[in-house]
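These notes concern the structure reproduced below.
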Amino acid sequence: MRVYLPALPSELAEPTPPVRDGFAALPAAEAPKDDIEVLEDDAQSEAALASLVLARESASPQAPARLVLALDVPDSHAVAGQVEGAPGVHLVPGVRAQWGDAAAILADGAGAAPAVR
């Protein structure tokens, strides 16, 4: 299962990804590929919004940025209810992963800091 996990730039230097809630797209079994891609984009967007909250609450001197880890974790991770306003996107509480589970790191470029603020 692909889980999109909000993160802070300072957490990239840690031995493992942070343990926190993430977001997963869980489409219906018969969903067309295009619908699945839209759900995955929605899950990424939810994680990006959550990363903004993390950045705002952080005391880090680094410029704020949206940062999302795309992690491939076992399907055995518990899945909570759907995210309000995002049908097909579910909260995945307390995601634990290793850096080897990272499929991608999605981050804003340096020029995005003013918009993130």
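The way I read the labels, and the way they are meant: chains A, B, ... in the order of the structure tokens, residue 1 as the first residue of every chain, and ligand 1 as the first ligand shown, with later ones counted on from there.
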Exercise: Ala48 in chain A partners within 7 Å, only C-alpha atoms, chain neighbours under 6 positions left out, as an NGL selection string: :A and (6 or 66-68)
Would you mind exporting N, CA and C atoms of the selected residues as a PDB file, in the first residue's frame?
ATOM      1  N   PRO A   6       3.283  13.153   5.661  1.00  0.00           N
ATOM      2  CA  PRO A   6       3.836  14.507   5.782  1.00  0.00           C
ATOM      3  C   PRO A   6       5.120  14.474   6.597  1.00  0.00           C
ATOM      4  N   ARG A  66       6.496  22.298   1.732  1.00  0.00           N
ATOM      5  CA  ARG A  66       5.689  21.083   1.783  1.00  0.00           C
ATOM      6  C   ARG A  66       6.617  19.920   1.475  1.00  0.00           C
ATOM      7  N   LEU A  67       6.552  18.890   2.286  1.00  0.00           N
ATOM      8  CA  LEU A  67       7.395  17.718   2.103  1.00  0.00           C
ATOM      9  C   LEU A  67       6.549  16.484   2.390  1.00  0.00           C
ATOM     10  N   VAL A  68       6.507  15.577   1.422  1.00  0.00           N
ATOM     11  CA  VAL A  68       5.708  14.363   1.543  1.00  0.00           C
ATOM     12  C   VAL A  68       6.570  13.173   1.170  1.00  0.00           C
TER      13      VAL A  68
END
Residues within 12 Å of Glu46 in chain A, only C-alpha atoms, excluding chain neighbours under 2 positions, as a ChimeraX atom specification: /A:3-6,21-25,39-44,48-53,66-68,82-92
Shell around Arg96 in chain A at 10 Å using only C-alpha atoms, local window under 2 positions removed, as a PyMOL selection string: chain A and resi 16-22+71+73+77+93-94+98+101
All strand (DSSP E) positions in chain A, as a VMD selection string: chain A and resid 2 to 6 20 to 25 67 to 72 82 to 83 86 to 95 102 to 107
Straight-line distance linking CA of Arg2 in chain A with CA of Val38 in chain A, stated in Å to one decimal: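 So the two atoms, CA of Arg2 in chain A and CA of Val38 in chain A, lie 13.9 Å apart.
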Nearest to Ala13 in chain A, chosen from A:Asp72, A:Trp99, A:Arg56, A:Asp35, with only C-alpha atoms counted in the distances: A:Trp99
